[in-house]
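Student: So that we are looking at the same thing, I have put the structure below in structure tokens.
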Amino acid sequence: MTHRRIWLVAGEDSGDQLGAKLIRALRALSPAPLTLGGVGGEAMEAEGFRSLFPIDDVAVMGYLPVLARARTLLRRIRETVDDVVAGQPDVLVIIDSPGFTHAVATRVRKRLPDLPIVDYVSPSVWAWRPWRAKGMVPFIDHVLALLPFEPEAHRRLGGPPCSYVGHPLIERLAELRPSPEEAAIREGRPPVLAVLPGSRRSEIERLMPVFGRTVADLARRIGPFEIELPAVSRHRALIERLAAAWERHPRIVHGEADKYATFRRARAALAASGTVTLELALAGVPMVVAYKVSRVEEVIARRLIQVPTIVLPNLILSENAMPEFVQADCTPERLAETLAPLLAGGPARRTQLDALARIDGRMRLAGDEEPSRAAARIVLEARRAA
């Protein structure tokens, strides 16, 4: 039986996780054995994938780190392109990390113009630098989108064909949501506030002092509650040091399993803008969202950002259901004032819970297909169409 040759190129840990699930789904759906190649990390290698080189060589974010490692990155791009060309796959799947993967794809397209190229995870063309959508057309044949509004964004901006395949978090709803027993315990104990100050060092340094004053103000408004703070492992020491200065000390938890356990216990959340807001939304946790950047970043963002909200659940719902406080609006007083009714209960809490209940309908795939299987099906179809 003829093997199907599929090359996958990921550039960081999140892409590696997506790639691992995609490999499992491809094997389950493919009528022929698979030959795989490309670049991935530990999760993909655990599925029997052999990476051309360690993914850490290209997992670089930010302008200065990229410049510092430019020579290594350019060499790894050339090596990846040469490997794809030598492998002669039936389809190339690039996964997120557009700084690396798009550089690979543009060069592969020049050398193998008939090779189908699928981009798994759309760049945020709907939020900033919208011209990137049209710029992808010459080297991307199909985009697999994680968010339900992205296909329309690509159509409007003149981007490549784009299909919504679902966010991987859909496959983890059982971990995110409390069981009936856990829900009953949650309602019968002092309320738990989940505090999530971000995953980047700059976010943590700016938001932790504000969040500390917020929970102190909140305690004066509504009385006793518990605070749980899921910490990013690589910034554990920084978070513990900053939390030590808080008037109300949080319980700091570590690891993804403990983070999701916090979500199941939480009555409300105070969170930095980011993917965690989508996790909280799928967990059904009412939230207040905050964000602060430097003055220079604020000026740049005001010129580039094209959306009315930076909160993913709001974008999915097409309404600003989750309150957000950015820059000068991100004050302890405003955050505490808005959080109080979410913890204590009342119309504001009910309104947000009703909005969160609509997230499922917006993100569910036809027939409740798993996102990784939906993605694999399109990848295999791209091969057959070649």
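Chain labels follow the order of the structure tokens: the first chain is A, the next B, and so on; residue numbering restarts at 1 in every chain, and ligands are counted from 1 in their shown order.
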Which of range 97-320 of chain A end up as helix (DSSP H, G or I) when DSSP is run on this backbone - answer as a ChimeraX atom specification?

Tutor: /A:98-111,132-136,150-157,168-176,180-187,201-222,233-243,256-265,275-283,295-304,312-317

Student: Can I get the residues of range 269-378 of chain A within 9 Å of range 166-176 of chain A, each with the closest pair of atoms and their distance in Å to one decimal, using only C-alpha atoms, sorted chain first then ascending number, as a tab-separated table?

Tutor:
residue	atom	partner	partner_atom	distance
A:Leu278	CA	A:Leu169	CA	8.5
A:Glu279	CA	A:Leu169	CA	7.1
A:Leu280	CA	A:Leu176	CA	8.0
A:Leu282	CA	A:Leu173	CA	7.0
A:Ala283	CA	A:Leu176	CA	4.9
A:Gly284	CA	A:Leu176	CA	8.5
A:Asp360	CA	A:Ile170	CA	8.7
A:Met363	CA	A:Gly166	CA	6.5
A:Arg364	CA	A:Gly166	CA	7.1
A:Leu365	CA	A:Gly166	CA	6.6
A:Glu369	CA	A:Gly166	CA	8.8
A:Glu370	CA	A:Glu171	CA	6.5
A:Pro371	CA	A:Gly166	CA	4.7
A:Ser372	CA	A:Pro168	CA	7.3
A:Ala374	CA	A:Gly166	CA	7.8
A:Ala375	CA	A:Gly166	CA	8.4

Student: Which of these residues is nearest to Ser202 in chain A, using only C-alpha atoms: A:Arg78, A:His249, A:Lys292, A:Lys134?

Tutor: A:Lys292

Student: Using only C-alpha atoms, find each residue of range 194-261 of chain A with at least one atom at most 8 Å away from an atom of range 318-337 of chain A; report its shortest atom-to-atom pair and that distance in Å (one decimal), sort the rows by chain and rising residue number, and return the result as a Markdown table.

Tutor:
| residue | atom | partner | partner_atom | distance |
| --- | --- | --- | --- | --- |
| A:Val210 | CA | A:Pro332 | CA | 5.8 |
| A:Phe211 | CA | A:Pro332 | CA | 6.8 |
| A:Arg213 | CA | A:Pro332 | CA | 5.7 |
| A:Thr214 | CA | A:Pro332 | CA | 4.2 |
| A:Val215 | CA | A:Ala336 | CA | 6.9 |
| A:Asp217 | CA | A:Ala336 | CA | 6.2 |
| A:Leu218 | CA | A:Ala336 | CA | 5.0 |

Student: With only C-alpha atoms as the counted atoms, please give the residues lying no more than 8 Å from Val84 in chain A, apart from itself and same-chain residues fewer than 4 positions off, as a count of residues only.

Tutor: 8

Student: Please determine, counting only C-alpha atoms, which residue among A:Pro230, A:Ile23, A:Arg186, A:Ala70 has the shortest atom-to-atom distance to Gly48 in chain A.

Tutor: A:Ile23

Student: Enumerate as a list in words all residues of range 84-204 of chain A assigned to strand (DSSP E) by DSSP on the backbone, naming them with the chain letters and numbers the document uses.

Tutor: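 Written out, the strand (DSSP E) residues of range 84-204 of chain A are Val91, Leu92, Val93, Ile94, Ile95, Ile117, Val118, Asp119, Tyr120, His142, Val143, Leu144, Ala145, Cys162, Ser163, Tyr164, Val192, Leu193, Ala194, Val195 and Leu196 of chain A.
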
Student: Find, counting only C-alpha atoms, the residue in A:Arg264, A:Arg27, A:Arg236, A:Arg248 that gets nearest to Gly212 in chain A.

Tutor: A:Arg248

Student: Residues near Ala20 in chain A, anyone? I mean within 9 Å using only C-alpha atoms, not counting same-chain ones fewer than 5 positions away, as a ChimeraX atom specification.

Tutor: /A:15,25,40-47,49

Student: Those same residues - N, CA, C and O atoms - I'd like them written as a PDB file, in the first residue's frame.

Tutor:
ATOM      1  N   GLY A  15       2.252  24.903  19.254  1.00  0.00           N
ATOM      2  CA  GLY A  15       2.139  24.229  17.957  1.00  0.00           C
ATOM      3  C   GLY A  15       2.488  22.758  18.048  1.00  0.00           C
ATOM      4  O   GLY A  15       1.896  21.919  17.359  1.00  0.00           O
ATOM      5  N   ALA A  25      -4.901  12.017  14.957  1.00  0.00           N
ATOM      6  CA  ALA A  25      -6.113  12.036  14.140  1.00  0.00           C
ATOM      7  C   ALA A  25      -5.817  11.622  12.705  1.00  0.00           C
ATOM      8  O   ALA A  25      -6.616  10.914  12.081  1.00  0.00           O
ATOM      9  N   GLY A  40       9.182  19.376  15.043  1.00  0.00           N
ATOM     10  CA  GLY A  40       8.230  19.343  16.152  1.00  0.00           C
ATOM     11  C   GLY A  40       8.958  19.245  17.474  1.00  0.00           C
ATOM     12  O   GLY A  40      10.201  19.291  17.531  1.00  0.00           O
ATOM     13  N   GLY A  41       8.175  19.091  18.537  1.00  0.00           N
ATOM     14  CA  GLY A  41       8.747  19.021  19.876  1.00  0.00           C
ATOM     15  C   GLY A  41       8.442  17.700  20.556  1.00  0.00           C
ATOM     16  O   GLY A  41       8.139  16.697  19.902  1.00  0.00           O
ATOM     17  N   GLU A  42       8.482  17.716  21.879  1.00  0.00           N
ATOM     18  CA  GLU A  42       8.359  16.478  22.645  1.00  0.00           C
ATOM     19  C   GLU A  42       7.003  15.802  22.452  1.00  0.00           C
ATOM     20  O   GLU A  42       6.916  14.568  22.387  1.00  0.00           O
ATOM     21  N   ALA A  43       5.929  16.583  22.377  1.00  0.00           N
ATOM     22  CA  ALA A  43       4.598  15.977  22.238  1.00  0.00           C
ATOM     23  C   ALA A  43       4.480  15.245  20.901  1.00  0.00           C
ATOM     24  O   ALA A  43       3.948  14.130  20.836  1.00  0.00           O
ATOM     25  N   MET A  44       4.979  15.845  19.832  1.00  0.00           N
ATOM     26  CA  MET A  44       4.938  15.201  18.529  1.00  0.00           C
ATOM     27  C   MET A  44       5.863  13.984  18.496  1.00  0.00           C
ATOM     28  O   MET A  44       5.525  12.943  17.928  1.00  0.00           O
ATOM     29  N   GLU A  45       7.017  14.114  19.118  1.00  0.00           N
ATOM     30  CA  GLU A  45       7.955  12.982  19.149  1.00  0.00           C
ATOM     31  C   GLU A  45       7.375  11.810  19.933  1.00  0.00           C
ATOM     32  O   GLU A  45       7.657  10.648  19.631  1.00  0.00           O
ATOM     33  N   ALA A  46       6.540  12.093  20.938  1.00  0.00           N
ATOM     34  CA  ALA A  46       5.888  11.023  21.688  1.00  0.00           C
ATOM     35  C   ALA A  46       4.907  10.240  20.816  1.00  0.00           C
ATOM     36  O   ALA A  46       4.541   9.110  21.148  1.00  0.00           O
ATOM     37  N   GLU A  47       4.506  10.835  19.685  1.00  0.00           N
ATOM     38  CA  GLU A  47       3.632  10.150  18.728  1.00  0.00           C
ATOM     39  C   GLU A  47       4.430   9.432  17.639  1.00  0.00           C
ATOM     40  O   GLU A  47       3.875   9.027  16.623  1.00  0.00           O
ATOM     41  N   PHE A  49       6.983  10.822  15.939  1.00  0.00           N
ATOM     42  CA  PHE A  49       7.496  11.793  14.973  1.00  0.00           C
ATOM     43  C   PHE A  49       8.976  12.049  15.262  1.00  0.00           C
ATOM     44  O   PHE A  49       9.376  12.183  16.424  1.00  0.00           O
TER      45      PHE A  49
END

Student: Could you work out how far CA of Pro313 in chain A lies from CA of Pro341 in chain A, giving the answer in Å with one decimal?

Tutor: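 CA of Pro341 in chain A sits 19.7 Å away from CA of Pro313 in chain A.
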
Student: What separation in Å, quoted to one decimal, exists between CA of Ile316 in chain A and CA of Arg373 in chain A?

Tutor: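 These atoms are spaced 21.9 Å apart.
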
Student: Mind checking which residues fall within 6 Å of range 138-145 of chain A, counting only C-alpha atoms, ignoring those fewer than 3 positions away in the same chain, and posting them as a list in words?

Tutor: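 Here the answer would be Thr106, Arg109, Ile117, Val118, Asp119, Tyr120, Val121, Ser122, Pro160, Pro161, Cys162, Ser163, Tyr164 and Val165 of chain A.
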
Student: Go through A:Pro151, A:Gly11, A:Pro180, A:Pro286 one by one, measure the shortest atom-to-atom distance of each to Leu339 in chain A using only C-alpha atoms, and give the residue with the smallest value.

Tutor: A:Pro286

Student: Which one of A:Gly19, A:Leu356, A:Ala231, A:Glu240 sits closest to Tyr260 in chain A if you count only C-alpha atoms?

Tutor: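 Of A:Gly19, A:Leu356, A:Ala231, A:Glu240, the one nearest Tyr260 in chain A is A:Ala231, counting only C-alpha atoms.
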
Student: Near Leu343 in chain A, within 7 Å and counting only C-alpha atoms, which residues show up once chain neighbours fewer than 4 positions away are dropped, as an MDAnalysis selection string?

Tutor: chainID A and resid 191 267:268 339

Student: Report as a ChimeraX atom specification all protein, DNA and RNA residues lying within 9 Å of Thr72 in chain A, evaluated on only C-alpha atoms, omitting residues in the same chain fewer than 4 positions from it.

Tutor: /A:57-58,76-77

Student: Enter the distance from CA of His235 in chain A to CA of Ser199 in chain A, in Å, rounded to one decimal.

Tutor: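 Interatomic distance here is 7.9 Å.
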